[in-house]
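Dumped protein-v3.csv below, it's CSV, C-alpha atoms and all ligand atoms:
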chain,number,residue,atom,x,y,z
A,1,MET,CA,105.0,-4.0,-58.2
A,2,LYS,CA,102.8,-4.7,-61.1
A,3,LYS,CA,104.0,-7.4,-63.5
A,4,ILE,CA,104.0,-10.9,-62.1
A,5,ALA,CA,105.0,-14.2,-63.8
A,6,ILE,CA,103.2,-17.3,-62.5
A,7,ILE,CA,104.7,-20.7,-63.3
A,8,GLY,CA,102.1,-23.5,-63.3
A,9,ALA,CA,98.3,-23.4,-64.2
A,10,GLY,CA,97.0,-25.8,-61.6
A,11,MET,CA,94.5,-24.8,-58.9
A,12,ALA,CA,97.1,-22.9,-57.0
A,13,GLY,CA,98.6,-20.9,-59.9
A,14,ILE,CA,95.2,-20.1,-61.4
A,15,THR,CA,93.8,-19.0,-58.0
A,16,ALA,CA,96.8,-16.7,-57.5
A,17,ALA,CA,96.6,-15.3,-61.0
A,18,ARG,CA,92.9,-14.6,-60.8
A,19,THR,CA,93.3,-12.9,-57.4
A,20,LEU,CA,96.2,-10.7,-58.5
A,21,LYS,CA,94.5,-9.8,-61.8
A,22,GLN,CA,91.4,-8.7,-60.0
A,23,ALA,CA,93.7,-6.5,-57.7
A,24,GLY,CA,95.1,-4.8,-60.8
A,25,PHE,CA,98.4,-6.7,-61.3
A,26,HIS,CA,99.4,-7.7,-64.8
A,27,VAL,CA,99.9,-11.5,-64.7
A,28,SER,CA,101.4,-13.9,-67.2
A,29,VAL,CA,100.9,-17.6,-66.5
A,30,PHE,CA,103.2,-20.2,-68.0
A,31,GLU,CA,102.1,-23.8,-68.2
A,32,LYS,CA,104.1,-26.6,-69.7
A,33,SER,CA,101.2,-28.7,-70.8
A,34,LEU,CA,98.5,-28.0,-73.3
A,35,HIS,CA,95.8,-27.1,-70.8
A,36,SER,CA,95.3,-25.8,-67.3
A,37,SER,CA,94.3,-28.0,-64.2
A,38,GLY,CA,97.5,-29.8,-63.5
A,39,ARG,CA,96.8,-32.7,-61.1
A,40,MET,CA,93.1,-32.2,-61.5
A,41,SER,CA,93.3,-33.1,-65.2
A,42,ALA,CA,91.2,-35.7,-66.9
A,43,LEU,CA,91.8,-38.2,-69.6
A,44,SER,CA,89.3,-38.1,-72.4
A,45,SER,CA,88.5,-41.4,-74.2
A,46,PRO,CA,85.9,-42.5,-76.7
A,47,LEU,CA,84.3,-44.6,-73.9
A,48,GLY,CA,84.1,-41.6,-71.5
A,49,SER,CA,86.4,-39.5,-69.4
A,50,PHE,CA,88.6,-40.5,-66.4
A,51,ASP,CA,89.6,-38.2,-63.6
A,52,GLN,CA,93.2,-39.3,-63.8
A,53,GLY,CA,94.4,-37.0,-60.9
A,54,ALA,CA,92.1,-35.7,-58.2
A,55,GLN,CA,88.9,-37.9,-58.0
A,56,TYR,CA,86.8,-35.4,-56.1
A,57,PHE,CA,87.2,-32.5,-53.8
A,58,THR,CA,85.9,-31.5,-50.3
A,59,VAL,CA,85.2,-28.0,-49.0
A,60,ARG,CA,86.1,-27.3,-45.4
A,61,ASP,CA,87.2,-23.7,-45.6
A,62,PRO,CA,84.7,-20.8,-46.0
A,63,ARG,CA,87.0,-19.0,-48.5
A,64,PHE,CA,86.9,-22.0,-50.8
A,65,LEU,CA,83.1,-22.2,-50.5
A,66,GLN,CA,82.8,-18.5,-51.2
A,67,ALA,CA,84.9,-18.8,-54.4
A,68,LEU,CA,82.9,-21.7,-55.6
A,69,ARG,CA,79.7,-19.7,-55.0
A,70,ASP,CA,80.9,-16.4,-56.2
A,71,VAL,CA,82.8,-17.1,-59.5
A,72,PRO,CA,80.0,-16.9,-62.1
A,73,GLY,CA,79.1,-20.3,-63.6
A,74,THR,CA,81.0,-22.4,-61.1
A,75,MET,CA,78.0,-23.9,-59.3
A,76,ASP,CA,76.7,-25.1,-62.7
A,77,LEU,CA,79.9,-27.2,-63.1
A,78,ILE,CA,79.8,-28.8,-59.7
A,79,ARG,CA,77.8,-31.9,-58.5
A,80,ALA,CA,77.8,-33.7,-55.2
A,81,TRP,CA,79.0,-37.3,-55.7
A,82,SER,CA,77.9,-40.1,-53.3
A,83,ALA,CA,81.4,-41.2,-52.5
A,84,THR,CA,80.4,-40.7,-48.9
A,85,ALA,CA,79.8,-44.4,-48.9
A,86,VAL,CA,83.5,-45.1,-49.6
A,87,ARG,CA,84.4,-48.6,-48.4
A,88,VAL,CA,87.6,-49.6,-46.8
A,89,LEU,CA,88.8,-53.0,-48.1
A,90,ASP,CA,91.4,-55.5,-47.1
A,91,ALA,CA,93.8,-57.0,-49.6
A,92,ARG,CA,91.2,-59.7,-50.6
A,93,GLY,CA,88.5,-57.3,-51.2
A,94,GLN,CA,86.6,-57.9,-47.9
A,95,VAL,CA,84.9,-54.8,-46.6
A,96,LEU,CA,86.6,-53.7,-43.3
A,97,LYS,CA,84.5,-50.6,-42.8
A,98,ALA,CA,81.2,-49.7,-44.6
A,99,SER,CA,82.1,-46.0,-44.7
A,100,ASN,CA,85.0,-43.9,-43.8
A,101,PRO,CA,84.3,-41.3,-41.2
A,102,PRO,CA,84.2,-38.3,-41.0
A,103,GLN,CA,81.4,-38.1,-43.5
A,104,GLU,CA,81.5,-35.0,-45.5
A,105,PRO,CA,80.2,-34.1,-48.9
A,106,HIS,CA,82.3,-35.0,-51.9
A,107,PHE,CA,82.1,-32.9,-55.1
A,108,VAL,CA,83.1,-33.5,-58.7
A,109,ALA,CA,83.3,-31.0,-61.6
A,110,GLN,CA,81.5,-31.6,-64.9
A,111,PRO,CA,82.2,-33.0,-67.5
A,112,SER,CA,85.4,-33.9,-65.6
A,113,MET,CA,87.4,-32.6,-62.7
A,114,GLY,CA,89.6,-30.5,-64.9
A,115,ALA,CA,86.6,-28.3,-65.8
A,116,LEU,CA,86.8,-26.4,-62.5
A,117,VAL,CA,90.3,-24.9,-63.0
A,118,GLU,CA,89.7,-24.6,-66.8
A,119,HIS,CA,86.6,-22.5,-66.1
A,120,TRP,CA,88.5,-20.3,-63.6
A,121,ALA,CA,91.3,-19.9,-66.1
A,122,GLN,CA,89.0,-18.5,-68.8
A,123,PRO,CA,89.5,-14.8,-68.1
A,124,LEU,CA,93.2,-15.3,-68.3
A,125,VAL,CA,92.9,-17.2,-71.6
A,126,LEU,CA,90.6,-14.5,-73.1
A,127,ASP,CA,93.1,-11.8,-72.1
A,128,HIS,CA,96.1,-13.8,-73.6
A,129,GLN,CA,97.7,-14.0,-70.2
A,130,LEU,CA,98.0,-17.8,-70.1
A,131,PHE,CA,100.7,-19.4,-72.2
A,132,PHE,CA,100.4,-23.2,-72.8
A,133,ASN,CA,103.0,-25.6,-74.0
A,134,THR,CA,105.6,-23.3,-72.3
A,135,GLN,CA,107.9,-24.9,-69.8
A,136,VAL,CA,110.0,-22.6,-67.7
A,137,HIS,CA,113.6,-23.8,-67.2
A,138,SER,CA,115.0,-21.1,-64.8
A,139,ILE,CA,114.7,-17.6,-63.4
A,140,GLN,CA,117.3,-15.1,-64.4
A,141,THR,CA,118.1,-11.4,-63.9
A,142,ASP,CA,116.4,-9.4,-66.7
A,143,GLN,CA,119.1,-8.5,-69.3
A,144,ASN,CA,117.7,-5.0,-69.8
A,145,ASN,CA,116.9,-4.2,-66.2
A,146,PRO,CA,118.8,-5.8,-63.3
A,147,LYS,CA,115.9,-5.0,-60.9
A,148,LEU,CA,113.5,-7.2,-62.9
A,149,TRP,CA,113.3,-11.0,-63.6
A,150,GLN,CA,113.2,-12.9,-66.9
A,151,LEU,CA,112.3,-16.6,-67.4
A,152,ARG,CA,114.3,-18.9,-69.6
A,153,LEU,CA,112.1,-21.3,-71.4
A,154,GLU,CA,112.8,-25.0,-71.8
A,155,ASN,CA,113.4,-26.5,-75.3
A,156,GLN,CA,113.3,-23.0,-76.9
A,157,VAL,CA,117.0,-22.0,-77.3
A,158,GLY,CA,117.6,-18.4,-76.3
A,159,SER,CA,113.9,-17.9,-75.6
A,160,VAL,CA,113.0,-15.7,-72.6
A,161,GLN,CA,110.0,-13.9,-71.2
A,162,ALA,CA,111.3,-10.7,-69.5
A,163,GLY,CA,110.3,-7.7,-67.5
A,164,PHE,CA,108.7,-9.2,-64.4
A,165,ASP,CA,108.7,-7.5,-61.0
A,166,GLY,CA,108.0,-10.8,-59.3
A,167,VAL,CA,107.8,-14.5,-59.9
A,168,ILE,CA,105.5,-17.1,-58.4
A,169,LEU,CA,106.3,-20.8,-58.6
A,170,ALA,CA,102.9,-22.7,-58.4
A,171,ILE,CA,104.4,-26.1,-59.2
A,172,PRO,CA,105.1,-29.2,-57.1
A,173,ALA,CA,108.0,-28.8,-54.6
A,174,PRO,CA,110.5,-31.1,-56.3
A,175,GLN,CA,109.9,-29.3,-59.6
A,176,ALA,CA,110.3,-25.9,-57.9
A,177,LYS,CA,113.5,-27.1,-56.4
A,178,ARG,CA,114.9,-28.1,-59.8
A,179,LEU,CA,113.9,-24.8,-61.4
A,180,MET,CA,115.5,-22.8,-58.6
A,181,GLU,CA,118.7,-24.9,-58.8
A,182,ASN,CA,118.9,-24.0,-62.5
A,183,SER,CA,118.4,-20.3,-61.7
A,184,THR,CA,120.7,-17.4,-61.0
A,185,SER,CA,122.8,-17.6,-57.8
A,186,LYS,CA,120.5,-15.1,-56.0
A,187,VAL,CA,117.7,-17.6,-56.3
A,188,PHE,CA,119.9,-20.7,-55.8
A,189,ASP,CA,121.2,-19.3,-52.5
A,190,SER,CA,117.8,-18.2,-51.2
A,191,GLY,CA,116.0,-19.5,-48.2
A,192,LEU,CA,113.1,-20.4,-50.5
A,193,LEU,CA,115.2,-23.2,-52.1
A,194,LYS,CA,116.4,-24.5,-48.7
A,195,SER,CA,112.9,-24.8,-47.3
A,196,LEU,CA,111.9,-27.1,-50.2
A,197,ASN,CA,114.2,-29.8,-48.7
A,198,ASN,CA,111.7,-30.1,-45.9
A,199,VAL,CA,108.9,-31.1,-48.2
A,200,LYS,CA,108.3,-34.7,-49.3
A,201,MET,CA,106.0,-35.7,-52.2
A,202,GLY,CA,105.3,-39.3,-53.4
A,203,PRO,CA,104.4,-40.8,-56.8
A,204,CYS,CA,101.2,-42.6,-57.9
A,205,TRP,CA,100.8,-45.1,-60.7
A,206,THR,CA,97.2,-44.7,-62.0
A,207,LEU,CA,95.4,-47.2,-64.2
A,208,MET,CA,92.2,-46.4,-66.0
A,209,ALA,CA,90.2,-49.3,-67.4
A,210,ALA,CA,87.0,-49.3,-69.5
A,211,PHE,CA,84.7,-52.3,-69.9
A,212,ALA,CA,82.6,-51.6,-72.9
A,213,GLN,CA,81.0,-55.0,-72.8
A,214,ALA,CA,79.6,-54.4,-69.3
A,215,PRO,CA,75.9,-53.7,-70.4
A,216,GLN,CA,75.8,-57.2,-71.9
A,217,LEU,CA,77.0,-58.8,-68.7
A,218,ALA,CA,74.3,-59.7,-66.1
A,219,TYR,CA,76.5,-58.5,-63.2
A,220,LEU,CA,79.9,-56.8,-63.2
A,221,GLY,CA,81.8,-56.2,-60.1
A,222,PRO,CA,80.9,-54.8,-56.6
A,223,GLN,CA,77.8,-52.9,-55.5
A,224,TRP,CA,79.9,-50.0,-54.3
A,225,ASN,CA,81.4,-47.2,-56.4
A,226,ALA,CA,84.5,-46.1,-54.5
A,227,ALA,CA,86.8,-47.8,-52.0
A,228,LYS,CA,90.0,-47.2,-50.1
A,229,SER,CA,92.1,-50.4,-49.8
A,230,THR,CA,94.6,-51.5,-47.3
A,231,SER,CA,96.3,-53.8,-49.8
A,232,HIS,CA,99.9,-53.0,-50.5
A,233,ARG,CA,99.3,-52.5,-54.2
A,234,ILE,CA,96.1,-50.5,-54.5
A,235,ALA,CA,95.2,-47.5,-52.4
A,236,TRP,CA,92.0,-46.3,-54.1
A,237,LEU,CA,89.6,-47.5,-56.8
A,238,CYS,CA,86.5,-45.8,-58.1
A,239,ARG,CA,83.8,-46.4,-60.7
A,240,GLU,CA,84.1,-43.3,-62.9
A,241,SER,CA,80.7,-44.1,-64.5
A,242,SER,CA,79.0,-43.6,-61.1
A,243,LYS,CA,79.9,-39.9,-61.2
A,244,PRO,CA,77.0,-37.6,-62.2
A,245,LEU,CA,76.5,-36.7,-65.8
A,246,ARG,CA,79.3,-39.0,-67.0
A,247,SER,CA,79.3,-41.7,-69.7
A,248,HIS,CA,77.6,-44.9,-68.5
A,249,VAL,CA,80.3,-47.2,-69.9
A,250,GLU,CA,81.7,-49.2,-67.0
A,251,ARG,CA,85.0,-47.4,-66.2
A,252,TRP,CA,87.3,-47.7,-63.2
A,253,THR,CA,90.2,-45.6,-62.0
A,254,ILE,CA,92.7,-47.5,-59.9
A,255,GLN,CA,95.4,-45.7,-57.9
A,256,ALA,CA,98.4,-47.6,-56.6
A,257,SER,CA,99.6,-46.9,-53.1
A,258,THR,CA,102.5,-44.4,-52.7
A,259,GLU,CA,104.8,-47.2,-51.3
A,260,TRP,CA,104.1,-49.6,-54.2
A,261,SER,CA,104.4,-46.8,-56.8
A,262,GLU,CA,107.8,-45.8,-55.3
A,263,GLU,CA,109.0,-49.5,-55.4
A,264,HIS,CA,107.9,-49.8,-59.0
A,265,LEU,CA,108.9,-46.4,-60.3
A,266,GLU,CA,111.2,-47.8,-63.0
A,267,ASP,CA,109.1,-50.8,-64.1
A,268,ASP,CA,107.8,-50.9,-67.6
A,269,HIS,CA,104.2,-50.1,-68.3
A,270,GLU,CA,103.1,-53.6,-69.3
A,271,ARG,CA,104.3,-55.0,-66.0
A,272,ILE,CA,102.6,-52.3,-64.0
A,273,GLN,CA,99.4,-52.7,-65.9
A,274,ALA,CA,99.3,-56.5,-65.4
A,275,LYS,CA,100.0,-56.2,-61.7
A,276,LEU,CA,97.4,-53.5,-61.1
A,277,LEU,CA,94.8,-55.3,-63.1
A,278,LYS,CA,95.4,-58.5,-61.1
A,279,ALA,CA,95.0,-56.6,-57.8
A,280,PHE,CA,91.9,-54.9,-59.1
A,281,ALA,CA,90.3,-58.2,-60.0
A,282,GLU,CA,91.1,-59.6,-56.6
A,283,LEU,CA,89.5,-56.6,-54.9
A,284,THR,CA,86.4,-56.2,-57.1
A,285,GLY,CA,85.7,-59.6,-58.5
A,286,ILE,CA,85.9,-58.1,-62.0
A,287,TYR,CA,88.0,-60.6,-63.9
A,288,ALA,CA,86.8,-59.5,-67.4
A,289,GLN,CA,89.5,-58.1,-69.7
A,290,PRO,CA,89.0,-54.4,-70.1
A,291,THR,CA,88.4,-53.1,-73.7
A,292,GLN,CA,90.6,-50.1,-73.1
A,293,VAL,CA,93.4,-49.5,-70.6
A,294,ASN,CA,95.4,-46.3,-70.0
A,295,LEU,CA,98.2,-45.9,-67.5
A,296,LYS,CA,99.7,-42.7,-66.0
A,297,LEU,CA,102.6,-42.1,-63.6
A,298,TRP,CA,102.3,-39.1,-61.5
A,299,GLN,CA,105.8,-38.5,-60.2
A,300,TYR,CA,104.7,-35.9,-57.6
A,301,ALA,CA,101.2,-36.9,-56.8
A,302,LYS,CA,100.8,-36.6,-53.1
A,303,THR,CA,102.3,-34.5,-50.4
A,304,LEU,CA,103.7,-36.8,-47.7
A,305,LYS,CA,105.3,-34.1,-45.7
A,306,PRO,CA,103.9,-30.5,-46.1
A,307,LEU,CA,105.9,-27.3,-45.5
A,308,GLY,CA,103.4,-26.3,-42.9
A,309,ILE,CA,102.8,-22.7,-44.0
A,310,SER,CA,100.3,-21.5,-46.5
A,311,HIS,CA,102.8,-20.0,-49.0
A,312,GLN,CA,106.3,-18.4,-49.2
A,313,TRP,CA,107.2,-14.9,-50.4
A,314,ASP,CA,110.7,-13.5,-50.3
A,315,SER,CA,110.1,-9.7,-50.3
A,316,THR,CA,113.7,-8.9,-51.2
A,317,LEU,CA,113.9,-11.2,-54.2
A,318,LYS,CA,110.2,-10.8,-55.0
A,319,ILE,CA,109.9,-14.5,-55.6
A,320,GLY,CA,107.3,-16.8,-54.0
A,321,THR,CA,105.9,-20.3,-53.9
A,322,CYS,CA,102.4,-21.7,-53.6
A,323,GLY,CA,100.8,-25.1,-54.2
A,324,ASP,CA,99.0,-27.8,-52.2
A,325,TRP,CA,102.3,-29.1,-50.7
A,326,HIS,CA,102.5,-26.0,-48.4
A,327,LEU,CA,99.5,-27.2,-46.5
A,328,GLY,CA,98.6,-30.8,-47.5
A,329,HIS,CA,97.6,-32.9,-50.4
A,330,ARG,CA,94.1,-31.8,-51.4
A,331,VAL,CA,92.6,-29.5,-54.0
A,332,GLU,CA,91.4,-27.1,-51.3
A,333,ASN,CA,95.0,-26.8,-50.0
A,334,ALA,CA,96.1,-25.7,-53.4
A,335,PHE,CA,93.4,-23.1,-53.6
A,336,LEU,CA,94.1,-21.7,-50.1
A,337,SER,CA,97.8,-21.6,-50.8
A,338,GLY,CA,97.4,-19.7,-54.1
A,339,LEU,CA,94.9,-17.3,-52.5
A,340,SER,CA,97.0,-16.5,-49.5
A,341,LEU,CA,100.1,-15.8,-51.5
A,342,ALA,CA,98.2,-13.5,-53.8
A,343,LEU,CA,96.4,-11.7,-50.9
A,344,SER,CA,99.8,-11.1,-49.2
A,345,LEU,CA,100.9,-9.1,-52.3
A,346,VAL,CA,97.7,-7.0,-52.6
B,401,LIG,C1,96.4,-39.4,-58.6
B,401,LIG,C2,96.0,-38.2,-57.7
B,401,LIG,C3,94.8,-38.3,-57.0
B,401,LIG,C4,94.4,-37.2,-56.2
B,401,LIG,N1,93.2,-37.3,-55.6
B,401,LIG,C5,92.7,-36.2,-54.9
B,401,LIG,C6,91.4,-36.2,-54.4
B,401,LIG,O1,90.6,-37.1,-54.6
B,401,LIG,N2,91.0,-35.0,-53.7
B,401,LIG,C7,91.8,-33.9,-53.6
B,401,LIG,O2,91.3,-33.0,-53.0
B,401,LIG,N3,93.0,-33.9,-54.1
B,401,LIG,C8,93.5,-35.0,-54.8
B,401,LIG,N4,94.7,-35.0,-55.4
B,401,LIG,C9,95.6,-33.8,-55.2
B,401,LIG,C10,95.2,-32.6,-56.0
B,401,LIG,O3,95.1,-33.0,-57.4
B,401,LIG,C11,96.2,-31.5,-55.8
B,401,LIG,O4,96.2,-31.2,-54.4
B,401,LIG,C12,96.0,-30.2,-56.6
B,401,LIG,O5,95.5,-30.5,-57.9
B,401,LIG,C13,97.4,-29.5,-56.7
B,401,LIG,O6,97.2,-28.3,-57.4
B,401,LIG,P1,98.5,-27.3,-57.6
B,401,LIG,O7,98.1,-26.2,-58.3
B,401,LIG,O8,99.2,-27.1,-56.3
B,401,LIG,O9,99.6,-28.2,-58.4
B,401,LIG,P2,99.4,-28.9,-59.8
B,401,LIG,O10,98.0,-29.3,-60.1
B,401,LIG,O11,100.5,-29.9,-59.9
B,401,LIG,O12,99.8,-27.7,-60.9
B,401,LIG,C14,101.1,-27.4,-61.3
B,401,LIG,C15,101.1,-27.1,-62.7
B,401,LIG,O13,102.4,-26.6,-63.1
B,401,LIG,C16,102.8,-27.1,-64.3
B,401,LIG,N5,104.3,-27.1,-64.3
B,401,LIG,C17,105.2,-27.8,-63.6
B,401,LIG,N6,106.5,-27.4,-63.9
B,401,LIG,C18,106.4,-26.4,-64.8
B,401,LIG,C19,107.4,-25.6,-65.5
B,401,LIG,N7,108.7,-25.8,-65.2
B,401,LIG,N8,106.9,-24.7,-66.4
B,401,LIG,C20,105.6,-24.5,-66.6
B,401,LIG,N9,104.6,-25.3,-66.0
B,401,LIG,C21,105.0,-26.2,-65.1
B,401,LIG,C22,102.2,-28.5,-64.3
B,401,LIG,O14,102.0,-29.0,-65.7
B,401,LIG,C23,100.9,-28.3,-63.6
B,401,LIG,O15,99.8,-27.9,-64.5
B,401,LIG,C24,95.2,-36.0,-56.2
B,401,LIG,C25,96.3,-35.9,-57.0
B,401,LIG,C26,96.8,-37.0,-57.7
B,401,LIG,C27,98.0,-36.9,-58.6
Structure encoded using structure tokens:
Amino acid sequence: MKKIAIIGAGMAGITAARTLKQAGFHVSVFEKSLHSSGRMSALSSPLGSFDQGAQYFTVRDPRFLQALRDVPGTMDLIRAWSATAVRVLDARGQVLKASNPPQEPHFVAQPSMGALVEHWAQPLVLDHQLFFNTQVHSIQTDQNNPKLWQLRLENQVGSVQAGFDGVILAIPAPQAKRLMENSTSKVFDSGLLKSLNNVKMGPCWTLMAAFAQAPQLAYLGPQWNAAKSTSHRIAWLCRESSKPLRSHVERWTIQASTEWSEEHLEDDHERIQAKLLKAFAELTGIYAQPTQVNLKLWQYAKTLKPLGISHQWDSTLKIGTCGDWHLGHRVENAFLSGLSLALSLV
């Protein structure tokens, strides 16, 4: 088996693609957005970048550490970030706990979190094996060879990519489920699809606010840079400008809790923005109006119930799945899932 299609260019898909490529497979990665990194992507703005998805990553598994050390250029991209002093706040902004044990180093990539996966994707980009702006609709039997697979692409009528021995879905479980449901009956009836019903992922409204006037103010906001909150509305808030080598313009990323995001999934943006800014002011004491605000809804932000195995591979169909949701909700989980699926094929 030599030609593998990988759907999704987040941490899991790129890790699987790199590993298979190094083992001599021919890989083609299809990504619906205009760049790699998925839920580790950043928002660029004239006032500085925001890590709109993952805020930082931790390293607990020696295989992740080894990859960070061994892939040339990676260590130059990574900096420790002092989020070890993360506070836990109540709904009124009172500090419940000074820090959140267990203490472990937190790392960020430079110039933004997306840089890590983008760097790892470079060999695939250079070899024209990564196709951006290409959303896969379904998996079908190859018209020219019934032993192979072809991918039908979304929004491109009649457009297919054909000739694959195997297919890897490196996308969030609900999206993998939809794609498999669109696919040929062999895929639709597979155990792979059934297993996805056991996974639960939740949304996250994310607000990003910049305060360009901050240098003129004598004092703006709290003396901490990152906090978890027990308030119903906000789960996490972080001063982006505290991350190493970032723009010094005062910038905050505010993540709503899963429960609140679920309750307000259909609300319009203005309403969400107003509610999150109000809660932010209550927690931080920053009542100034931001000079720039951006809002993003992650439909499938966080794994609430993982599958409990590192990856799936149906050796009869030659179709598999990987992604953070197999193991948990962290960047490292995505890496380990992509790695273990690829190594199982080598
Ligand atoms: C708001 C938020 C905060 C987070 N905070 C942290 C944190 O602080 N620390 C941490 O460790 N983790 C955090 N995470 C989780 C972390 O971002 C994920 O665990 C990790 O990025 C998942 O990687 P992945 O490759 O499994 O999936 P993804 O990153 O979701 O990659 C999937 C890719 O597939 C693409 N795709 C989907 N469907 C298709 C299709 N049909 N065709 C083509 N392409 C498709 C998507 O565009 C995406 O690029 C956070 C996530 C969010 C959303």
**Prompt:** Using all atoms listed in the file, which residue out of A:Lys2, A:Val136, A:Ala173, A:Met113 lies closest to Leu192 (chain A)?
**Reply:**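 Of A:Lys2, A:Val136, A:Ala173, A:Met113, the one nearest Leu192 (chain A) is A:Ala173, counting all atoms listed in the file.
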**Request:** Using only C-alpha atoms, determine which residues lie at most 12 Å from Ser159 (chain A), disregarding the query and same-chain residues fewer than 4 positions distant; provide the list as a PyMOL selection string.
**Result:** chain A and resi 134-138+150-155
**Prompt:** At what distance in Å, to one decimal, does CA of Arg251 (chain A) lie from CA of Ala334 (chain A)?
**Reply:** 27.5 Å
**Message:** One decimal, in Å: what's the spacing between CA of Gly24 (chain A) and CA of Ser36 (chain A)?
**Reply:**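 Separating CA of Gly24 (chain A) from CA of Ser36 (chain A) is a distance of 22.0 Å.
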Using all atoms listed in the file, tabulate the residues of chain A lying at most 7 Å from any atom of ligand LIG 401 (chain B), each with its closest atom pair and that distance in Å to one decimal, by chain and increasing residue number, as CSV.
residue,atom,partner,partner_atom,distance
A:Ile7,CA,B:LIG401,C20,5.1
A:Gly8,CA,B:LIG401,O13,3.1
A:Ala9,CA,B:LIG401,O15,4.8
A:Gly10,CA,B:LIG401,O12,3.5
A:Met11,CA,B:LIG401,O7,3.9
A:Ala12,CA,B:LIG401,O7,3.7
A:Gly13,CA,B:LIG401,O7,5.6
A:Phe30,CA,B:LIG401,C20,5.1
A:Glu31,CA,B:LIG401,N9,3.7
A:Lys32,CA,B:LIG401,N9,4.0
A:Ser33,CA,B:LIG401,O14,5.2
A:Ser36,CA,B:LIG401,O15,5.7
A:Ser37,CA,B:LIG401,O15,5.5
A:Gly38,CA,B:LIG401,O15,3.1
A:Arg39,CA,B:LIG401,O10,3.7
A:Met40,CA,B:LIG401,O3,4.6
A:Gln52,CA,B:LIG401,C1,6.1
A:Gly53,CA,B:LIG401,C2,3.8
A:Ala54,CA,B:LIG401,N1,3.2
A:Gln55,CA,B:LIG401,O1,3.9
A:Tyr56,CA,B:LIG401,O1,4.4
A:Phe57,CA,B:LIG401,O2,4.2
A:Thr58,CA,B:LIG401,O2,6.2
A:Thr134,CA,B:LIG401,C20,5.8
A:Gln135,CA,B:LIG401,N8,3.5
A:Val136,CA,B:LIG401,N8,4.0
A:His137,CA,B:LIG401,N7,5.7
A:Ala170,CA,B:LIG401,C14,5.8
A:Ile171,CA,B:LIG401,C14,4.1
A:Pro172,CA,B:LIG401,O11,5.4
A:Gln175,CA,B:LIG401,N6,5.8
A:Leu179,CA,B:LIG401,N7,6.5
A:Cys204,CA,B:LIG401,C1,5.8
A:Thr206,CA,B:LIG401,C1,6.3
A:Gln255,CA,B:LIG401,C1,6.4
A:Trp298,CA,B:LIG401,C27,5.6
A:Tyr300,CA,B:LIG401,C27,6.8
A:Ala301,CA,B:LIG401,C27,3.7
A:Lys302,CA,B:LIG401,C25,6.0
A:Cys322,CA,B:LIG401,O8,6.8
A:Gly323,CA,B:LIG401,O8,3.3
A:Asp324,CA,B:LIG401,O8,4.2
A:Trp325,CA,B:LIG401,O8,6.7
A:His329,CA,B:LIG401,O4,4.6
A:Arg330,CA,B:LIG401,O2,3.4
A:Val331,CA,B:LIG401,O2,3.9
A:Glu332,CA,B:LIG401,O2,6.1
A:Asn333,CA,B:LIG401,O4,6.3
A:Ala334,CA,B:LIG401,O8,4.5
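Minimum distance to Asp127 (chain A) across A:His232, A:Glu262, A:Val27, A:Thr321 (counting all atoms listed in the file) occurs at A:Val27.
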**Item:** Among the residues A:Ala80, A:Leu341, A:Ile319, A:Ile139, the one that comes closest to Thr184 (chain A) [using all atoms listed in the file]
**Value:**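 Among the listed residues, A:Ile139 lies closest to Thr184 (chain A).
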**Asked** Do you have the CA of Lys318 (chain A)-CA of Gly166 (chain A) distance handy?
**Response**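 Here the two named atoms are 4.8 Å from each other.
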**Asked** Looking at only C-alpha atoms, which of A:Pro290, A:Gly163, A:Gly285, A:Pro111 is the one that sits closest to Gln143 (chain A)?
**Response**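 For Gln143 (chain A), the nearest of the candidates is A:Gly163.
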**Prompt:** A:Gln312, A:Asn294, A:Gln110, A:Gln299: which is nearest Leu169 (chain A), counting all atoms listed in the file?
**Reply:**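 Of A:Gln312, A:Asn294, A:Gln110, A:Gln299, the one nearest Leu169 (chain A) is A:Gln312, counting all atoms listed in the file.
For the residues A:Lys228, A:Arg79, A:Arg178, A:His119, ranking by smallest atom-to-atom distance to Leu245 (chain A) using all atoms listed in the file places A:Arg79 first.
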**Message:** as an MDAnalysis selection string, please: the residues near region 69-71 of chain A (cut-off 12 Å, all atoms listed in the file, same-chain neighbours under 3 positions excluded).
**Reply:** chainID A and resid 15 18:19 59 62:66 74:78 116:117 119:123
**Message:** So that I can see what lies close to Lys177 (chain A), please list as a list in words the residues with an atom at most 9 Å from it, counting only C-alpha atoms and leaving out residues fewer than 5 positions away in the same chain.
**Reply:**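 Contacts, with the query itself left out: Pro172, Asn182, Leu192, Leu193, Lys194, Leu196 and Asn197 of chain A.
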